[in-house]
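What follows is the content of start22.txt (compact mmCIF, C-alpha atoms).
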# COMPACT_ATOMS: atom_id res chain seq x y z
CA MET A 1 113.63 -9.33 68.01
CA GLY A 2 112.54 -8.67 71.60
CA PRO A 3 113.46 -10.94 74.51
CA PRO A 4 111.03 -13.25 76.34
CA PRO A 5 109.83 -11.87 79.71
CA GLU A 6 112.17 -13.99 81.84
CA ILE A 7 115.31 -12.30 80.48
CA GLN A 8 114.05 -8.76 79.89
CA SER A 9 116.30 -6.24 81.59
CA GLY A 10 115.75 -2.90 79.86
CA CYS A 11 116.75 -1.81 76.42
CA ASP A 12 117.23 -5.28 74.92
CA LEU A 13 117.69 -6.73 71.46
CA VAL A 14 117.66 -10.44 70.67
CA ILE A 15 119.29 -12.28 67.80
CA GLU A 16 117.45 -15.49 67.00
CA PHE A 17 119.44 -18.46 65.64
CA PRO A 18 119.06 -22.25 65.41
CA LEU A 19 120.48 -23.87 68.55
CA ILE A 20 122.61 -26.20 66.51
CA GLU A 21 124.58 -23.18 65.25
CA GLU A 22 125.35 -21.88 68.74
CA LEU A 23 129.12 -22.37 68.70
CA ASN A 24 129.55 -20.83 65.27
CA ILE A 25 127.35 -17.87 66.11
CA LEU A 26 129.12 -17.19 69.41
CA ARG A 27 132.48 -17.36 67.63
CA GLU A 28 131.29 -14.84 65.04
CA LEU A 29 129.98 -12.51 67.73
CA ARG A 30 133.26 -12.76 69.64
CA HIS A 31 135.19 -11.83 66.49
CA ALA A 32 132.94 -8.80 66.10
CA HIS A 33 133.51 -7.87 69.78
CA ILE A 34 129.81 -8.25 70.56
CA SER A 35 129.36 -10.39 73.65
CA PRO A 36 125.78 -11.51 74.28
CA LEU A 37 124.41 -10.96 77.78
CA ALA A 38 122.89 -14.43 77.67
CA VAL A 39 122.24 -17.31 75.30
CA VAL A 40 118.96 -19.00 76.05
CA PRO A 41 116.65 -21.44 74.27
CA VAL A 42 113.17 -20.10 73.57
CA THR A 43 110.00 -21.87 72.58
CA ALA A 44 107.42 -19.08 72.46
CA PRO A 45 107.32 -16.52 69.63
CA LEU A 46 109.55 -13.47 70.19
CA LEU A 47 108.38 -9.87 70.07
CA ALA A 48 108.84 -8.20 66.70
CA PRO A 49 110.11 -4.64 66.24
CA VAL A 50 107.56 -2.01 65.40
CA ASP A 51 106.68 -1.85 61.70
CA LEU A 52 103.89 0.69 61.73
CA PHE A 53 104.64 4.27 60.68
CA HIS A 54 102.56 7.40 61.15
CA THR A 55 103.09 10.30 58.78
CA LYS A 56 101.94 13.85 59.36
CA ASP A 57 102.06 16.53 56.66
CA PHE A 58 102.43 20.05 58.01
CA GLY A 59 102.51 21.69 54.55
CA ASP A 60 106.13 22.83 54.36
CA TYR A 61 107.24 20.08 56.72
CA LEU A 62 106.82 16.31 56.88
CA MET A 63 106.99 14.25 60.08
CA VAL A 64 107.28 10.48 60.41
CA ARG A 65 106.76 8.60 63.68
CA ALA A 66 108.00 5.06 64.33
CA ALA A 67 107.00 3.78 67.77
CA ASN A 68 107.99 6.58 70.16
CA MET A 69 110.36 8.45 67.79
CA LYS A 70 109.51 11.34 65.46
CA ILE A 71 111.64 13.03 62.84
CA THR A 72 110.62 16.10 60.82
CA VAL A 73 112.12 17.58 57.64
CA ALA A 74 111.54 20.75 55.64
CA LYS A 75 110.19 19.53 52.32
CA ASN A 76 112.01 22.06 50.13
CA SER A 77 115.52 21.54 51.54
CA LEU A 78 115.16 18.05 53.07
CA LYS A 79 116.81 19.53 56.14
CA ILE A 80 116.04 17.78 59.43
CA VAL A 81 114.41 20.47 61.53
CA ASN A 82 113.41 18.49 64.61
CA ILE A 83 113.64 15.11 66.31
CA SER A 84 111.31 14.39 69.19
CA GLY A 85 110.03 11.59 71.39
CA GLY A 86 112.03 8.73 72.81
CA GLY A 87 113.35 8.08 76.27
CA CYS A 88 116.80 6.53 76.01
CA PRO A 89 119.84 8.78 76.55
CA ASP A 90 121.08 8.63 72.95
CA VAL A 91 118.01 10.51 71.67
CA PRO A 92 119.19 14.00 72.71
CA PHE A 93 122.65 13.07 71.39
CA LEU A 94 121.26 11.90 68.03
CA ALA A 95 119.15 15.06 67.77
CA GLN A 96 122.23 17.15 68.50
CA GLU A 97 124.13 15.42 65.68
CA MET A 98 121.33 15.32 63.09
CA VAL A 99 119.15 18.43 63.41
CA GLY A 100 120.14 21.16 60.96
CA LYS A 101 121.60 18.71 58.43
CA THR A 102 119.91 17.35 55.32
CA LEU A 103 118.79 13.73 55.14
CA ALA A 104 121.79 13.03 52.91
CA GLU A 105 124.35 14.81 55.13
CA ALA A 106 123.12 13.64 58.51
CA PRO A 107 124.72 10.63 60.18
CA ARG A 108 122.50 7.56 60.28
CA PRO A 109 120.93 6.88 63.67
CA ARG A 110 121.98 3.26 63.33
CA ASP A 111 125.63 4.36 63.11
CA LEU A 112 125.57 6.64 66.17
CA GLY A 113 122.75 5.23 68.29
CA HIS A 114 123.09 2.59 70.98
CA THR A 115 119.52 1.90 72.06
CA LEU A 116 116.12 0.79 70.83
CA CYS A 117 115.04 4.44 70.63
CA GLY A 118 118.00 4.99 68.29
CA TYR A 119 116.89 1.96 66.30
CA ALA A 120 113.31 3.29 66.12
CA LEU A 121 114.66 6.64 64.95
CA ASP A 122 116.57 4.84 62.21
CA LEU A 123 113.33 3.18 61.06
CA ALA A 124 111.59 6.58 61.01
CA TYR A 125 114.57 8.05 59.13
CA GLU A 126 114.39 5.26 56.52
CA GLU A 127 110.66 5.75 56.09
CA LEU A 128 111.18 9.50 55.67
CA CYS A 129 113.86 8.86 53.02
CA ARG A 130 111.39 6.63 51.17
CA LYS A 131 108.78 9.37 51.22
CA CYS A 132 111.02 12.29 50.19
CA MET B 1 113.23 21.33 97.07
CA LEU B 2 112.29 19.72 93.77
CA GLY B 3 114.53 16.93 92.49
CA ILE B 4 115.11 16.18 88.82
CA VAL B 5 117.16 13.20 87.65
CA GLY B 6 118.41 12.70 84.11
CA THR B 7 121.25 12.65 81.60
CA VAL B 8 122.96 15.08 79.24
CA PRO B 9 124.29 14.13 75.80
CA ASP B 10 127.94 14.74 76.66
CA LEU B 11 130.24 11.86 77.62
CA GLN B 12 132.60 14.27 79.39
CA PHE B 13 129.91 15.50 81.78
CA PRO B 14 130.65 13.90 85.17
CA LEU B 15 128.05 12.91 87.73
CA THR B 16 127.00 16.25 89.18
CA HIS B 17 124.26 17.27 91.56
CA GLY B 18 123.23 20.61 92.93
CA SER B 19 120.86 23.51 92.51
CA VAL B 20 120.34 24.74 88.99
CA ARG B 21 120.09 28.27 87.64
CA LEU B 22 119.24 29.60 84.21
CA VAL B 23 121.56 32.41 83.14
CA ASP B 24 121.27 34.00 79.69
CA GLY B 25 119.55 30.92 78.32
CA CYS B 26 122.21 28.56 79.67
CA LEU B 27 121.82 26.18 82.62
CA GLN B 28 124.36 26.40 85.41
CA ILE B 29 124.97 23.61 87.91
CA LYS B 30 127.95 23.77 90.25
CA ASP B 31 130.65 25.33 88.07
CA ARG B 32 129.35 23.84 84.83
CA ASP B 33 127.40 25.39 81.98
CA LEU B 34 124.88 23.30 80.14
CA PRO B 35 123.27 24.31 76.85
CA VAL B 36 119.50 24.08 76.80
CA ASN B 37 118.35 21.67 74.19
CA ARG B 38 115.89 18.82 74.18
CA GLY B 39 116.06 16.11 76.82
CA THR B 40 116.68 16.66 80.51
CA PRO B 41 118.28 20.12 80.01
CA ALA B 42 115.01 21.26 78.38
CA LEU B 43 113.00 19.84 81.27
CA LEU B 44 115.31 21.58 83.74
CA ALA B 45 115.21 24.92 81.93
CA ALA B 46 111.42 24.86 81.84
CA ALA B 47 111.28 23.93 85.52
CA VAL B 48 113.72 26.67 86.54
CA LYS B 49 111.88 29.27 84.47
CA ALA B 50 108.51 28.31 85.99
CA SER B 51 109.94 27.99 89.47
CA GLU B 52 111.43 31.48 89.34
CA TRP B 53 108.14 32.92 88.16
CA LEU B 54 106.08 31.11 90.80
CA ASP B 55 108.66 31.66 93.52
CA SER B 56 108.40 27.95 94.22
CA PRO B 57 111.00 25.59 95.72
CA GLN B 58 114.51 25.43 94.35
CA ILE B 59 115.40 22.87 91.67
CA HIS B 60 118.06 20.33 92.58
CA ALA B 61 119.31 18.27 89.63
CA PHE B 62 121.17 14.97 89.47
CA LEU B 63 122.90 14.75 86.10
CA VAL B 64 125.43 12.64 84.29
CA GLY B 65 126.73 12.38 80.73
CA ASP B 66 125.29 9.47 78.73
CA ILE B 67 124.92 9.07 74.98
CA GLY B 68 123.09 5.75 75.09
CA LYS B 69 125.75 3.31 76.26
CA GLY B 70 124.23 3.35 79.73
CA ASP B 71 127.45 3.73 81.73
CA GLY B 72 126.52 7.20 82.96
CA SER B 73 122.98 6.13 83.84
CA ARG B 74 124.26 3.19 85.88
CA GLU B 75 126.71 5.44 87.75
CA LEU B 76 123.83 7.78 88.55
CA TYR B 77 121.56 4.91 89.62
CA GLN B 78 124.24 3.74 92.01
CA PHE B 79 124.66 7.22 93.47
CA LEU B 80 120.91 7.54 93.99
CA THR B 81 120.63 4.21 95.78
CA GLN B 82 123.37 5.31 98.18
CA HIS B 83 122.37 8.93 98.77
CA LEU B 84 118.68 9.60 98.09
CA SER B 85 117.77 9.12 101.74
CA GLU B 86 119.91 12.19 102.58
CA PHE B 87 117.60 14.49 100.58
CA HIS B 88 114.17 15.96 101.20
CA PHE B 89 112.12 16.64 98.09
CA GLU B 90 108.49 17.63 97.64
CA VAL B 91 108.63 16.23 94.11
CA LEU B 92 111.13 13.89 92.48
CA THR B 93 111.12 13.57 88.69
CA PHE B 94 112.98 10.94 86.68
CA HIS B 95 113.69 11.50 83.01
CA TYR B 96 116.14 10.40 80.28
CA LEU B 97 117.92 7.41 81.79
CA GLN B 98 118.91 4.10 80.28
CA PRO B 99 115.98 1.79 81.08
CA ASP B 100 117.27 -0.88 83.45
CA VAL B 101 114.78 -2.82 85.55
CA ASP B 102 117.25 -4.00 88.15
CA TRP B 103 118.60 -0.51 88.84
CA HIS B 104 115.10 0.94 88.72
CA ASN B 105 114.01 -1.38 91.49
CA ARG B 106 117.00 -0.50 93.64
CA VAL B 107 116.28 3.22 93.20
CA LEU B 108 112.63 2.65 94.12
CA PHE B 109 113.75 0.89 97.32
CA ALA B 110 115.92 3.92 98.10
CA ILE B 111 112.95 6.24 97.57
CA GLU B 112 110.97 4.26 100.13
CA THR B 113 113.53 5.37 102.73
CA MET B 114 112.87 9.06 102.02
CA GLU B 115 110.92 11.03 104.63
CA PRO B 116 108.52 12.39 103.59
CA ARG B 117 108.00 10.38 100.45
CA PRO B 118 108.11 12.79 97.50
CA ILE B 119 105.54 13.02 94.72
CA LEU B 120 107.05 10.77 92.06
CA ILE B 121 106.98 11.64 88.36
CA ALA B 122 108.49 9.38 85.70
CA ASP B 123 108.96 10.24 82.06
CA ALA B 124 111.09 8.95 79.18
CA GLY B 125 113.47 6.02 79.80
CA PHE B 126 112.81 5.81 83.52
CA MET B 127 109.08 5.50 82.82
CA TYR B 128 109.86 2.59 80.49
CA ALA B 129 111.79 0.84 83.26
CA ALA B 130 109.06 1.62 85.81
CA LYS B 131 106.44 0.02 83.57
CA MET B 132 108.59 -3.00 82.78
CA SER B 133 109.32 -3.56 86.48
CA GLY B 134 105.62 -3.92 87.25
CA GLN B 135 105.92 -1.08 89.79
CA ALA B 136 104.02 1.57 87.82
CA PRO B 137 101.36 2.13 90.53
CA CYS B 138 104.11 3.30 92.91
CA TYR B 139 104.37 6.49 90.85
CA ASP B 140 102.12 9.54 91.07
CA PHE B 141 102.53 10.60 87.45
CA PHE B 142 103.57 9.13 84.12
CA THR B 143 103.72 11.61 81.24
CA PRO B 144 103.63 9.56 78.00
CA ASP B 145 102.91 10.80 74.51
CA VAL B 146 100.45 8.76 72.46
CA GLY B 147 103.14 6.39 71.14
CA GLU B 148 104.39 5.76 74.68
CA LEU B 149 100.83 5.32 75.92
CA ALA B 150 100.41 2.48 73.42
CA PHE B 151 103.53 0.92 74.96
CA LEU B 152 102.05 1.25 78.46
CA ALA B 153 98.85 -0.33 77.15
CA ASP B 154 100.73 -3.29 75.68
CA GLU B 155 101.22 -5.60 78.64
CA SER B 156 103.86 -7.65 76.86
CA ALA B 157 106.06 -4.87 75.40
CA PRO B 158 109.28 -4.24 77.34
CA HIS B 159 110.03 -1.08 75.32
CA PRO B 160 108.01 1.12 72.89
CA PHE B 161 110.09 -0.43 70.10
CA TYR B 162 108.17 -3.71 70.59
CA THR B 163 104.65 -2.30 70.89
CA ARG B 164 102.38 -4.61 68.95
CA GLY B 165 100.77 -3.20 65.81
CA PHE B 166 97.17 -3.83 66.81
CA ILE B 167 97.67 -1.63 69.87
CA LEU B 168 99.79 1.00 68.13
CA HIS B 169 97.25 1.37 65.34
CA GLU B 170 95.83 4.87 64.89
CA ASP B 171 92.28 3.56 65.16
CA ASN B 172 92.84 2.92 68.84
CA LYS B 173 91.42 5.76 70.86
CA VAL B 174 93.44 7.28 73.67
CA PRO B 175 90.79 6.59 76.36
CA ASP B 176 90.80 2.90 75.39
CA LEU B 177 94.60 2.78 75.64
CA ILE B 178 94.46 4.50 79.03
CA GLN B 179 91.94 1.96 80.25
CA ARG B 180 94.07 -0.91 78.96
CA ALA B 181 97.22 0.49 80.64
CA TYR B 182 95.39 0.61 83.99
CA ARG B 183 93.82 -2.83 83.47
CA TYR B 184 97.28 -4.42 83.36
CA GLY B 185 98.71 -2.29 86.17
CA ASN B 186 101.03 -0.41 83.84
CA ALA B 187 100.05 3.16 84.67
CA ALA B 188 100.88 5.56 87.49
CA LYS B 189 98.16 6.97 89.77
CA TYR B 190 97.79 9.82 87.27
CA LEU B 191 98.53 9.86 83.57
CA LEU B 192 99.21 13.08 81.71
CA VAL B 193 99.04 12.00 78.06
CA LYS B 194 100.55 14.49 75.63
CA GLY B 195 98.49 14.68 72.46
CA GLN B 196 95.51 16.33 70.87
CA PRO B 197 93.86 16.74 73.27
CA ASP B 198 96.07 16.19 76.29
CA TYR B 199 94.41 13.74 78.67
CA ILE B 200 94.69 13.72 82.45
CA ALA B 201 93.46 10.38 83.74
CA THR B 202 93.20 8.21 86.81
CA GLU B 203 92.30 4.54 87.00
CA LYS B 204 88.65 5.49 87.48
CA GLN B 205 88.16 8.23 84.91
CA ILE B 206 89.40 10.76 82.41
CA ALA B 207 89.70 13.60 84.90
CA ALA B 208 90.29 16.37 82.35
CA THR B 209 91.28 17.14 78.79
CA VAL B 210 93.13 20.17 77.47
CA ASP B 211 92.76 21.04 73.81
CA HIS B 212 93.25 24.78 73.62
CA PRO B 213 95.12 26.40 72.04
CA CYS B 214 95.48 23.67 69.43
CA TYR B 215 98.77 23.51 67.57
CA ASP B 216 99.56 20.30 65.67
CA ALA B 217 103.07 21.49 64.91
CA MET B 218 104.14 21.30 68.55
CA GLU B 219 104.24 17.51 68.24
CA ALA B 220 107.20 17.87 65.89
CA ILE B 221 109.22 20.14 68.15
CA GLY B 222 111.77 18.15 70.13
CA GLY B 223 111.52 18.94 73.82
CA THR B 224 107.85 19.94 74.17
CA GLY B 225 107.19 16.79 76.19
CA ASP B 226 110.21 17.58 78.34
CA THR B 227 109.02 21.12 79.08
CA LEU B 228 105.57 19.77 79.97
CA THR B 229 107.11 17.42 82.53
CA GLY B 230 109.21 20.28 83.89
CA LEU B 231 106.12 22.44 84.30
CA LEU B 232 104.23 19.60 85.96
CA THR B 233 107.09 19.11 88.43
CA VAL B 234 107.04 22.74 89.49
CA LEU B 235 103.25 23.04 89.66
CA CYS B 236 103.01 19.89 91.82
CA GLY B 237 105.69 21.40 94.07
CA ALA B 238 103.83 24.71 94.21
CA GLY B 239 100.92 23.15 96.02
CA PHE B 240 98.44 22.52 93.24
CA LYS B 241 96.46 19.30 93.43
CA PRO B 242 97.60 16.64 90.92
CA VAL B 243 94.84 17.07 88.33
CA GLU B 244 94.95 20.85 88.64
CA ALA B 245 98.75 20.86 88.26
CA ALA B 246 98.50 18.65 85.16
CA VAL B 247 95.83 20.82 83.55
CA LEU B 248 97.78 24.00 84.23
CA ALA B 249 100.99 22.43 82.92
CA ALA B 250 99.30 21.28 79.72
CA MET B 251 97.66 24.67 79.18
CA THR B 252 100.88 26.57 79.87
CA ASN B 253 102.88 24.36 77.53
CA ARG B 254 100.39 24.99 74.73
CA TRP B 255 100.42 28.75 75.30
CA THR B 256 104.22 28.84 75.03
CA GLY B 257 103.70 27.67 71.45
CA HIS B 258 101.20 30.43 70.88
CA TYR B 259 103.50 33.15 72.20
CA ALA B 260 106.53 31.79 70.34
CA ASP B 261 104.64 31.91 67.03
CA HIS B 262 106.07 28.47 66.35
CA ASN B 263 106.26 26.14 63.36
CA PRO B 264 107.63 22.54 63.09
CA ALA B 265 111.18 23.91 62.82
CA THR B 266 111.02 25.98 66.02
CA GLN B 267 113.59 24.99 68.64
CA ILE B 268 112.59 24.33 72.23
CA GLY B 269 114.56 27.25 73.70
CA ASP B 270 112.18 29.66 71.97
CA LEU B 271 109.22 28.08 73.77
CA ILE B 272 110.94 28.00 77.15
CA ASP B 273 111.50 31.76 76.92
CA LYS B 274 107.72 32.20 76.78
CA ILE B 275 106.93 30.25 79.95
CA PRO B 276 106.50 33.32 82.21
CA GLN B 277 104.13 34.91 79.69
CA ALA B 278 102.19 31.66 79.29
CA LEU B 279 101.99 31.02 83.05
CA THR B 280 100.74 34.55 83.63
CA ALA B 281 97.96 34.09 81.10
CA VAL B 282 96.97 30.61 82.26
CA LEU B 283 96.90 31.42 85.97
CA ALA B 284 94.96 34.64 85.36
CA GLN B 285 92.45 32.63 83.36
CA SER B 286 92.25 29.80 85.88
CA PHE B 287 92.24 31.91 89.05
CA PRO B 288 90.56 35.20 88.07
CA ASN B 289 89.47 36.01 91.61
CA ARG B 290 92.22 34.58 93.78
CA SER B 291 95.92 34.03 94.02
CA PRO B 292 97.24 30.61 93.05
CA PRO B 293 98.59 28.54 95.96
CA LYS B 294 102.16 29.36 96.85
CA SER B 295 104.51 26.79 98.20
How would this structure read if it were set down as structure tokens?
Amino acid sequence: MGPPPEIQSGCDLVIEFPLIEELNILRELRHAHISPLAVVPVTAPLLAPVDLFHTKDFGDYLMVRAANMKITVAKNSLKIVNISGGGCPDVPFLAQEMVGKTLAEAPRPRDLGHTLCGYALDLAYEELCRKC
Amino acid sequence: MLGIVGTVPDLQFPLTHGSVRLVDGCLQIKDRDLPVNRGTPALLAAAVKASEWLDSPQIHAFLVGDIGKGDGSRELYQFLTQHLSEFHFEVLTFHYLQPDVDWHNRVLFAIETMEPRPILIADAGFMYAAKMSGQAPCYDFFTPDVGELAFLADESAPHPFYTRGFILHEDNKVPDLIQRAYRYGNAAKYLLVKGQPDYIATEKQIAATVDHPCYDAMEAIGGTGDTLTGLLTVLCGAGFKPVEAAVLAAMTNRWTGHYADHNPATQIGDLIDKIPQALTAVLAQSFPNRSPPKS
């Protein structure tokens, strides 16, 4: 989920949990070496990640867009031919690692990415896998 | 001089700044070679190519390696806050950087110390931070694509990833999104929206649209937005007025696709190679009876 305005700092992701579980959750996160930037109570609804996909058929190629990220494959080989959009610095890195590989061979954006653009690319990648 | 700030997808690339050249399709800065791919290297390559052709001011880049963890971006932000006042740029363009509101604001303070104040262009991650900071009107240009425009139009979204569905929906028309972005103070003085057509807008009006030549497939090619921002940077620095520079940049970018005989699998380097050809055609068409302004 997305953070409330008072704690937004940039490329942020929020994990929502019941306050009563705070100690357990923090312990689990510490064990996983994921330290939260802040733990805050919220009352208003949080922002949800994008769940709307746009698909464009270019004949021999299929492109899926999730939020600001686009991924395109050749239909006959399922090879990723292009990745475009995005603004966080892992996008060019993910493109470098994924373009030229098939959907099956390519690393998952969620495994290599570090940002919300990487996360959006993973959603587009999943949607593309569903369609191919 | 024209300044361009961004990242490269190589953790080993140290913070480097200096003038940039394009040699045999490879960028050179200081003693380092940089392959041209999407992202800031694509923006830089397009800018250098256009700058050489127009004989316009030299490109000075500020680069650092970052693959999304943000360490490189923060190092670069810190450098900029300490040293920007030592530089004189006609145009300063910010690109792929980890969005960070606090650092963005410090960099903007540093820009205010620059004499003269450069034309400011923000794209990619830095544009996200600029919008989130509430300082969007301090910028001369934002260059979003349609997905990013929806993010600018959503006053509550801190990142395109959280753009609400009713705004992101395809039924929303670009002019309505532009209007909404301005209504909430989330747009720069000028918007160059990459799409079909490309829109050039101010708070008051849609100043121009560019829809020719029309190639849907360019949307799929990674880096076409980057090259457009690179072209805009150089054309602003070459003395064209903002709307004129944006129109010429959009037209030139489209014609590179035409000359490269592209398809959705074309790589951005093939389009960058065609920039001189495309600029020649566009300027001849736009200024049939006079020379374009030279810097």
- Message: Within 9 Å of chain B, which residues belong to chain A? Use only C-alpha atoms and report them as a ChimeraX atom specification.
- Response: /A:1-3,5,8-12,47-52,54,58,60-63,65-74,80-96,113-120
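Between CA of Ala187 in chain B and CA of Ala207 in chain B lies a distance of 14.7 Å.
Restricting the calculation to only C-alpha atoms, the smallest distance between Phe240 in chain B and any of B:Leu283, B:Arg21, B:Lys131, B:Asp211 is found for B:Leu283.
Between CA of Tyr77 in chain B and CA of Gln28 in chain B the separation is 22.1 Å.
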- Message: When you look at Glu22 in chain A with a cut-off of 12 Å (counting all atoms listed in the file), what residues show up, excluding the ones that are within fewer than 6 positions of it in the same chain? I need them as an MDAnalysis selection string.
- Response: chainID A and resid 15:16 28:29 36 38:41
